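K.L.:
The structure follows.
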Amino acid sequence: MSYLKPAEFVGKMIDAGEAKAFMSTRDTVIRAYMAGAILALAAAFAVTITVQTGNALVGAVLFPVGFCLLYLLGFDLLTGVFTLVPLAWIDKRPGVNWRAVLRNWGLVFVGNFAGALTVAVMMAIIVTMGFSMDPNEVGQRLGEIGVSRTVGYADHGASGMLTLFIRGVLCNWMVSTGVVAAMMSTSVSGKVIAMWMPIMLFFYMGFEHSIVNMFLFPSGLLLGGDFSIGDYFIWNEIPTVIGNLVGGLAFVGLTLYATHARTGNPRPRPAAAESGTAAESTPAETSARP
């Protein structure tokens, strides 16, 4: 069977978290760099499609291609390790402590940011013909996104910050569901289908993904967006990272762990029901004997 039951894939989640906690610094950073770069290319792809077709749904439907590719290649996003790595500590895997968890998160953040920034610079070169002309239509759209999703939140003060945080929570609820969904199947097609659905949902709904934003907002700054680096970090990246952490760990990692790895005690069955079941099964069992 290509489908794994929840108890089976939750075990794989814990094993994956343990493996990532002990991964070498070099491998962690390289895998995170490639993940950030591929996801940034997917975001650029989706924005281009949306601009050219005028239909945001088409961009959202096709955006998951990048997410599927990076996870099939074994690369890591910060949103995924937020969910997986703490489970190894909670499960008391030998040698996994909070220092190892924070080390992994820090290295993946740096790698993701470097990869996304690399693609942001490359895309800025493409849409301005090597900075020799004004941004084309796609470049203009990238600049507008940066303004609306930084200054746009700041204009609403605390209410804007709360909205930003909740969008970060909902984003990684879906993205981490996609990470886990890839573990439900042992076939490539099954993994892709399972990942595609929640990733398409988060992108179309405009939820805040910290790694996608590592591409969108540096791109916007390079292309003349009317916001600052401080606006980006205070009114997007930092609250988004915190929201992504809460959404992935609380609504995906801990809930699955609590009910499939550390299940509660089952309710006792009524004695009468047990007796009835036993009585009903006796003739069948007897007739089945040689």
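How things are named: the first chain in the structure tokens is A, the next is B, and so on; residues count from 1 in each chain; ligands count from 1 in the order shown.
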Could you pull the residues within 12 Å of Ile238 of chain A, counting only C-alpha atoms, minus those fewer than 2 positions along the same chain, as a list in words?
P.N.:
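Those residues are Phe109, Thr150, Met161, Leu164, Phe165, Gly168, Glu208, His209, Ser210, Ile211, Asn213, Met214, Ile229, Gly230, Asp231, Tyr232, Phe233, Ile234, Trp235, Asn236, Thr240, Val241, Ile242, Gly243, Asn244 and Leu245 of chain A.
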K.L.:
Write out as an MDAnalysis selection string the set of residues from segment 186-263 of chain A that DSSP, computed on the backbone, places in alpha helix (DSSP H).
P.N.:
chainID A and resid 188:205 210:222 229:232 238:248 254:256
K.L.:
For Cys68 of chain A, find every residue with an atom within 12 Å (counting only C-alpha atoms), except residues of its own chain fewer than 5 positions away, and show them as a list in words.
P.N.:
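Near Cys68 of chain A, the qualifying residues are Ala35, Ile38, Leu39, Ala42, Leu62, Phe63, Leu73, Gly74, Phe75, Asp76, Leu77, Val175, Gly178, Val179, Ala181, Ala182, Val188, Ser189, Gly190, Lys191, Val192, Ile193, Ala194, Met195, Trp196, Met197, Pro198, Ile199 and Met200 of chain A.
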K.L.:
Can you work out the spacing between atom CA of Pro6 of chain A and atom CA of Val180 of chain A in Å, to one decimal?
P.N.:
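Computing it gives 9.9 Å between the two atoms.
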K.L.:
Find the residue from A:Val61, A:Ile166, A:Met184, A:Ile30 that sits nearest to Leu4 of chain A; use only C-alpha atoms when measuring.
P.N.:
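Among A:Val61, A:Ile166, A:Met184, A:Ile30, it is A:Met184 that comes nearest to Leu4 of chain A.
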K.L.:
Nearest to Lys12 of chain A: which of A:Val65, A:Val85, A:Ile49, A:Val212 is it, counting only C-alpha atoms?
P.N.:
A:Val85
K.L.:
List the neighbours of Phe207 of chain A out to 8 Å using only C-alpha atoms; skip same-chain residues closer than 6 positions along the sequence, and give me the result as a PyMOL selection string.
P.N.:
chain A and resi 167-168+170-171
K.L.:
Of the candidates A:Thr53, A:Ser176, A:Gln140, A:Thr28, which one gets nearest to Met13 of chain A if we count only C-alpha atoms?
P.N.:
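Under the stated criterion, the closest residue is A:Ser176.
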K.L.:
Pick out the closest residue to Thr25 of chain A from this set: A:Tyr257, A:Tyr3, A:Trp105, A:Phe131. Count only C-alpha atoms.
P.N.:
A:Trp105
K.L.:
Check the smallest atom-to-atom distance from each of A:Gly17, A:Gly146, A:Gly115, A:Gly95 to Gly220 of chain A using only C-alpha atoms, then report the winner.
P.N.:
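Smallest distance to Gly220 of chain A is found for A:Gly146.
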K.L.:
Name the closest residue to Glu8 of chain A among the candidates A:Ser219, A:Thr50, A:Ser159, A:Ser185; distances are taken between atoms, counting only C-alpha atoms.
P.N.:
A:Ser185
K.L.:
Write out as a tab-separated table (two decimals) with C-alpha atoms, in the first residue's frame the residues lying within 9 Å of Phe113 of chain A, counting only C-alpha atoms and excluding same-chain residues fewer than 2 positions away.
P.N.:
chain	number	residue	atom	x	y	z
A	32	ALA	CA	18.27	25.21	3.48
A	33	TYR	CA	19.90	27.43	0.85
A	36	GLY	CA	14.94	28.95	-0.09
A	37	ALA	CA	16.10	29.41	-3.67
A	108	VAL	CA	17.95	26.79	8.36
A	109	PHE	CA	16.86	30.44	8.72
A	110	VAL	CA	20.25	31.64	7.47
A	111	GLY	CA	20.29	29.16	4.59
A	115	GLY	CA	18.86	31.23	-1.07
A	116	ALA	CA	15.80	33.47	-1.36
A	117	LEU	CA	17.96	36.61	-1.48
A	118	THR	CA	20.06	35.12	-4.29
A	211	ILE	CA	10.58	32.10	3.34
A	214	MET	CA	12.47	36.46	2.15
A	215	PHE	CA	12.17	36.67	-1.63
K.L.:
Please tabulate, as a Markdown table, the residues of segment 42-101 of chain A that come within 9 Å of segment 248-253 of chain A, each with its closest pair of atoms and the distance in Å to one decimal, counting only C-alpha atoms and ordering rows by chain, then residue number upward.
P.N.:
| residue | atom | partner | partner_atom | distance |
| --- | --- | --- | --- | --- |
| A:Thr79 | CA | A:Gly248 | CA | 6.9 |
| A:Gly80 | CA | A:Gly248 | CA | 7.5 |
| A:Val81 | CA | A:Gly248 | CA | 9.0 |
| A:Phe82 | CA | A:Leu249 | CA | 6.3 |
| A:Thr83 | CA | A:Leu249 | CA | 4.6 |
| A:Leu84 | CA | A:Gly253 | CA | 6.6 |
| A:Pro86 | CA | A:Leu249 | CA | 8.0 |
| A:Leu87 | CA | A:Gly253 | CA | 7.0 |
K.L.:
Could the residues in this selection be written to a file with all heavy atoms, as a PDB file, in the first residue's frame?
P.N.:
ATOM      1  N   THR A  79       9.851  26.585   7.956  1.00  0.00           N
ATOM      2  CA  THR A  79       8.491  26.227   8.349  1.00  0.00           C
ATOM      3  C   THR A  79       8.359  24.733   8.649  1.00  0.00           C
ATOM      4  O   THR A  79       7.602  24.334   9.533  1.00  0.00           O
ATOM      5  CB  THR A  79       7.506  26.636   7.247  1.00  0.00           C
ATOM      6  OG1 THR A  79       8.051  26.267   5.963  1.00  0.00           O
ATOM      7  CG2 THR A  79       7.259  28.130   7.264  1.00  0.00           C
ATOM      8  N   GLY A  80       9.096  23.904   7.926  1.00  0.00           N
ATOM      9  CA  GLY A  80       9.042  22.465   8.163  1.00  0.00           C
ATOM     10  C   GLY A  80       9.779  22.041   9.419  1.00  0.00           C
ATOM     11  O   GLY A  80       9.281  21.234  10.212  1.00  0.00           O
ATOM     12  N   VAL A  81      10.982  22.597   9.648  1.00  0.00           N
ATOM     13  CA  VAL A  81      11.752  22.195  10.831  1.00  0.00           C
ATOM     14  C   VAL A  81      11.138  22.762  12.105  1.00  0.00           C
ATOM     15  O   VAL A  81      11.357  22.220  13.195  1.00  0.00           O
ATOM     16  CB  VAL A  81      13.247  22.590  10.711  1.00  0.00           C
ATOM     17  CG1 VAL A  81      13.883  21.883   9.524  1.00  0.00           C
ATOM     18  CG2 VAL A  81      13.433  24.104  10.605  1.00  0.00           C
ATOM     19  N   PHE A  82      10.363  23.845  11.999  1.00  0.00           N
ATOM     20  CA  PHE A  82       9.606  24.326  13.162  1.00  0.00           C
ATOM     21  C   PHE A  82       8.703  23.225  13.703  1.00  0.00           C
ATOM     22  O   PHE A  82       8.471  23.131  14.910  1.00  0.00           O
ATOM     23  CB  PHE A  82       8.735  25.524  12.771  1.00  0.00           C
ATOM     24  CG  PHE A  82       9.430  26.865  12.856  1.00  0.00           C
ATOM     25  CD1 PHE A  82       8.880  27.963  12.236  1.00  0.00           C
ATOM     26  CD2 PHE A  82      10.610  27.028  13.562  1.00  0.00           C
ATOM     27  CE1 PHE A  82       9.494  29.214  12.314  1.00  0.00           C
ATOM     28  CE2 PHE A  82      11.239  28.265  13.645  1.00  0.00           C
ATOM     29  CZ  PHE A  82      10.674  29.362  13.018  1.00  0.00           C
ATOM     30  N   THR A  83       8.176  22.412  12.814  1.00  0.00           N
ATOM     31  CA  THR A  83       7.219  21.373  13.188  1.00  0.00           C
ATOM     32  C   THR A  83       7.895  20.066  13.577  1.00  0.00           C
ATOM     33  O   THR A  83       7.498  19.418  14.557  1.00  0.00           O
ATOM     34  CB  THR A  83       6.254  21.113  12.015  1.00  0.00           C
ATOM     35  OG1 THR A  83       5.563  22.326  11.714  1.00  0.00           O
ATOM     36  CG2 THR A  83       5.243  20.027  12.349  1.00  0.00           C
ATOM     37  N   LEU A  84       8.923  19.672  12.838  1.00  0.00           N
ATOM     38  CA  LEU A  84       9.488  18.330  12.997  1.00  0.00           C
ATOM     39  C   LEU A  84      10.535  18.208  14.108  1.00  0.00           C
ATOM     40  O   LEU A  84      10.505  17.268  14.903  1.00  0.00           O
ATOM     41  CB  LEU A  84      10.102  17.869  11.674  1.00  0.00           C
ATOM     42  CG  LEU A  84       9.152  17.754  10.485  1.00  0.00           C
ATOM     43  CD1 LEU A  84       9.916  17.358   9.230  1.00  0.00           C
ATOM     44  CD2 LEU A  84       8.040  16.753  10.775  1.00  0.00           C
ATOM     45  N   PRO A  86      11.300  19.826  16.998  1.00  0.00           N
ATOM     46  CA  PRO A  86      10.928  19.761  18.419  1.00  0.00           C
ATOM     47  C   PRO A  86      10.319  18.430  18.841  1.00  0.00           C
ATOM     48  O   PRO A  86      10.394  18.064  20.018  1.00  0.00           O
ATOM     49  CB  PRO A  86       9.892  20.894  18.559  1.00  0.00           C
ATOM     50  CG  PRO A  86      10.201  21.827  17.458  1.00  0.00           C
ATOM     51  CD  PRO A  86      10.649  20.959  16.321  1.00  0.00           C
ATOM     52  N   LEU A  87       9.728  17.689  17.889  1.00  0.00           N
ATOM     53  CA  LEU A  87       9.120  16.412  18.255  1.00  0.00           C
ATOM     54  C   LEU A  87      10.162  15.423  18.757  1.00  0.00           C
ATOM     55  O   LEU A  87       9.872  14.592  19.625  1.00  0.00           O
ATOM     56  CB  LEU A  87       8.373  15.824  17.058  1.00  0.00           C
ATOM     57  CG  LEU A  87       7.192  16.636  16.527  1.00  0.00           C
ATOM     58  CD1 LEU A  87       6.494  15.865  15.410  1.00  0.00           C
ATOM     59  CD2 LEU A  87       6.210  16.983  17.627  1.00  0.00           C
TER      60      LEU A  87
END
